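The block underneath contains the structure these notes are about, expressed in structure tokens.
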Amino acid sequence: MKKLKVIVMLATAFLLFTGCKKQVQKEFSGELAKQSEMNAGEYSLEIDHLSIDAENAAAPTKAQMAMIAKIVTGTKISGGYRLDSKEELLFMDMNVKVLGQEIPLEFLMNQKDDSFYVSTNFMTKAMELAKEFNAEIPVEESTFEALEGKYIHITDEDVQENITDQVTTDRMNDPLHSKLFSDYINTLDSDSFERKGDTITRTFTKKDMKGFVNYVNIHGDKAEKKEANELKKNLHLLTEFKQKMVIDTNRHTQKSTIDFSVKNEGVTSSATVRAENKGKESKKRLHLPKEKQIVSMKELEKMMSSVQEQNTTVSEKDFNELLEGIGSGEANFTQERMEQIREGYKPYLSEEQYKQLEEALNQAIQEAA
């Protein structure tokens with residue numbers, strides 16, 4: 001997934017910063033600039049098709065990949081976003097539709113320290129979906145009752161602790177978010193931009209990506225050239241790429257259809273993705289959650305660990321029934337059978353319970369003798 005990061009980012013950049021014909025270009029770039037200045041908007045992204053194929057893979061592996069592709073195909077993400085420049089806060093909500101279920105997600109980003117506040121309202125729905133695949137997951141919906149109405153605070157340190165690859169998070173060092181990319185767009189063939197009424201259309205290809213890399217290596221600074229070279233290293237993974245992007249200068253919308261194929265380590269993934277964005281202005285202010293609404297990552301991890309322990313421990317009732325069964329003398333306890341019981345129950349018993357189990361088994365052996 002890391003190898004595809006720059007490719008996905010570039011596709012997003014094409015979606016946001018495309019140019020057009022000499023005359024049309026000014027209207028096109030002007031409209032994009034206008035939309036980028038809007039502090040709010042609505043968006044949607046839908047995966048129309050996904051296929052995954054592995055060369056020389058065993059039948060079970062291929063079946064698993066086909067199942068994953070089937071699950072992901074049809075997934076739709078939609079929602080809205082709002083930026084409060086004064087408070088340096090970005091709010092985003094999304095509704096993820098997958099497998100007939102809808103999972104609501106809501107988060108707030110504090111741009112002052114790059115931390116996130118994620119609403120816990122998604123956890124119950126996510127658990128319901130997870131249990132459709134594994135009913136043995138040791139977490140019940142009631143587990144999340146204490147988290148209702150709260151926000152999980154994910155700091156930049158939390159993110160760094162969970163990143164194993166050295167990936168920069170500094171957007172300013174990324175040429176895909178710089179003026180350099182817009183300058184490159186102006187070098188493209190003006191005849192490749194088409195106007196029809198209020199809409200302007202252009203289709204981008206892998207050739208455009210390569211052209212951008214070459215442009216950066218000539219006109220970019222040291223940091224920009226470094227990022228461009230990272231992209232160049234991974235472009236060979238992208239075997240096919242076509243993105244048709246349409247902007248509407250009247251409705252202030254962007255629509256894009258992306259078809260691409262990626263091949264990596266013998267696995268080829270192909271997809272068709274549709275994305276839409278409509279910018280707007282909002283005067284609604286944003287605020288950080290109150291202190292009592294905040295749960296840190298360490299608190300959440302501690303809570304989940306405690307829940308897991310509770311669900312992997314034999315209850316007092318079940319343990320007493322086990323002892324009664326052993327004490328009844330109905331079972332034929334051989335040395336081998338005793339060892340199986342000891343080893344099987346040891347991970348789930350407290351130290352005191354295990355001692356009682358040992359005594360019950362030893363008593364059963366003596367009575368049988």
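As shown in the structure tokens, the chain order sets the letters A, B, ...; within each chain, residues go from 1, and ligands are also counted from 1 in the order they appear.
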
(message) Run DSSP on the backbone and tell me which residues of stretch 26-272 of chain A come out as strand (DSSP E or B); list them as a PyMOL selection string.
(response) chain A and resi 40-54+76-84+89-98+101-110+115-119+151-154+194-196+199-205+238-248+253-264+267-272

Requested write-out: C-alpha atoms of the selected residues, as a CSV table (one decimal), in the first residue's frame:
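Resulting contents of result39.csv:
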```csv
chain,number,residue,atom,x,y,z
A,40,ALA,CA,-17.0,23.8,2.8
A,41,GLY,CA,-18.5,21.3,0.5
A,42,GLU,CA,-20.0,17.9,-0.2
A,43,TYR,CA,-18.3,14.9,-1.8
A,44,SER,CA,-18.9,11.3,-2.8
A,45,LEU,CA,-16.7,8.4,-3.9
A,46,GLU,CA,-17.9,5.1,-5.3
A,47,ILE,CA,-16.0,2.0,-6.3
A,48,ASP,CA,-17.9,0.8,-9.3
A,49,HIS,CA,-15.6,-2.2,-9.9
A,50,LEU,CA,-12.7,-3.9,-8.4
A,51,SER,CA,-10.9,-7.1,-9.4
A,52,ILE,CA,-7.9,-8.7,-7.9
A,53,ASP,CA,-6.0,-11.5,-9.6
A,54,ALA,CA,-2.8,-13.3,-8.5
A,76,LYS,CA,-19.7,4.2,-1.5
A,77,ILE,CA,-18.4,7.0,0.7
A,78,SER,CA,-20.2,10.3,0.9
A,79,GLY,CA,-20.4,13.2,3.3
A,80,GLY,CA,-19.3,16.8,3.8
A,81,TYR,CA,-16.5,18.9,5.1
A,82,ARG,CA,-16.1,22.4,6.6
A,83,LEU,CA,-13.0,24.4,7.4
A,84,ASP,CA,-12.7,27.1,10.1
A,89,LEU,CA,-10.1,23.2,12.5
A,90,LEU,CA,-11.3,20.9,9.8
A,91,PHE,CA,-14.5,18.9,10.2
A,92,MET,CA,-15.4,16.0,8.0
A,93,ASP,CA,-18.3,13.5,8.2
A,94,MET,CA,-18.7,10.5,6.0
A,95,ASN,CA,-21.2,7.7,5.5
A,96,VAL,CA,-19.7,4.4,4.4
A,97,LYS,CA,-22.1,2.1,2.6
A,98,VAL,CA,-20.7,-1.4,2.4
A,101,GLN,CA,-24.7,-1.6,6.0
A,102,GLU,CA,-24.1,2.1,6.6
A,103,ILE,CA,-21.3,3.1,9.0
A,104,PRO,CA,-21.2,6.8,10.0
A,105,LEU,CA,-17.8,8.4,10.6
A,106,GLU,CA,-17.2,11.9,11.9
A,107,PHE,CA,-13.9,13.5,12.8
A,108,LEU,CA,-12.3,16.9,13.5
A,109,MET,CA,-8.7,17.8,12.7
A,110,ASN,CA,-6.8,20.3,14.7
A,115,SER,CA,-4.3,15.8,15.9
A,116,PHE,CA,-7.6,14.2,15.2
A,117,TYR,CA,-10.8,13.8,17.2
A,118,VAL,CA,-12.8,10.8,16.0
A,119,SER,CA,-16.4,10.4,17.1
A,151,TYR,CA,-14.3,11.5,20.8
A,152,ILE,CA,-11.1,9.5,20.5
A,153,HIS,CA,-8.1,11.9,20.5
A,154,ILE,CA,-5.4,10.7,18.1
A,194,GLU,CA,-13.1,20.4,-24.3
A,195,ARG,CA,-15.9,22.9,-23.4
A,196,LYS,CA,-19.6,22.0,-23.6
A,199,THR,CA,-18.6,22.1,-18.3
A,200,ILE,CA,-14.9,21.7,-19.2
A,201,THR,CA,-13.5,18.2,-19.6
A,202,ARG,CA,-10.0,16.6,-19.9
A,203,THR,CA,-8.8,13.0,-19.7
A,204,PHE,CA,-5.5,12.4,-18.0
A,205,THR,CA,-3.2,9.4,-18.6
A,238,LEU,CA,0.7,1.5,-12.6
A,239,THR,CA,0.0,-0.5,-15.7
A,240,GLU,CA,-3.0,1.4,-16.8
A,241,PHE,CA,-4.4,4.8,-15.8
A,242,LYS,CA,-7.2,7.0,-17.3
A,243,GLN,CA,-9.0,9.8,-15.4
A,244,LYS,CA,-11.8,11.7,-17.1
A,245,MET,CA,-12.4,14.9,-15.1
A,246,VAL,CA,-15.3,17.3,-15.6
A,247,ILE,CA,-15.9,20.7,-13.9
A,248,ASP,CA,-19.0,22.7,-14.0
A,253,THR,CA,-18.8,20.9,-9.1
A,254,GLN,CA,-16.0,18.5,-10.0
A,255,LYS,CA,-16.7,15.0,-11.3
A,256,SER,CA,-14.1,12.4,-12.1
A,257,THR,CA,-14.1,8.8,-13.4
A,258,ILE,CA,-10.8,6.9,-12.8
A,259,ASP,CA,-9.9,3.6,-14.4
A,260,PHE,CA,-6.6,2.1,-13.3
A,261,SER,CA,-4.7,-1.2,-12.9
A,262,VAL,CA,-1.8,-1.8,-10.5
A,263,LYS,CA,0.5,-4.8,-10.6
A,264,ASN,CA,2.8,-5.6,-7.7
A,267,VAL,CA,-1.0,-9.4,-8.0
A,268,THR,CA,-2.9,-7.2,-10.4
A,269,SER,CA,-5.7,-5.0,-9.0
A,270,SER,CA,-8.0,-3.1,-11.4
A,271,ALA,CA,-10.7,-0.6,-10.4
A,272,THR,CA,-13.1,2.0,-11.6
```

(request) Enumerate the residues of stretch 157-295 of chain A with a DSSP assignment of alpha helix (DSSP H), computed from the backbone, and present them as a ChimeraX atom specification. (result) /A:157-161,179-185,206-219,222-234

(message) Which residue is closest to A:Lys210? Choose from A:Lys70, A:Lys355, A:Lys232, A:Lys278 and count only C-alpha atoms.
(response) A:Lys232

(request) Please provide as a VMD selection string all residues within 12 Å of A:Tyr354, with the sequence filter that same-chain residues fewer than 3 positions apart are discarded (counting only C-alpha atoms). (result) chain A and resid 313 to 314 319 322 to 323 341 to 351 357 to 361
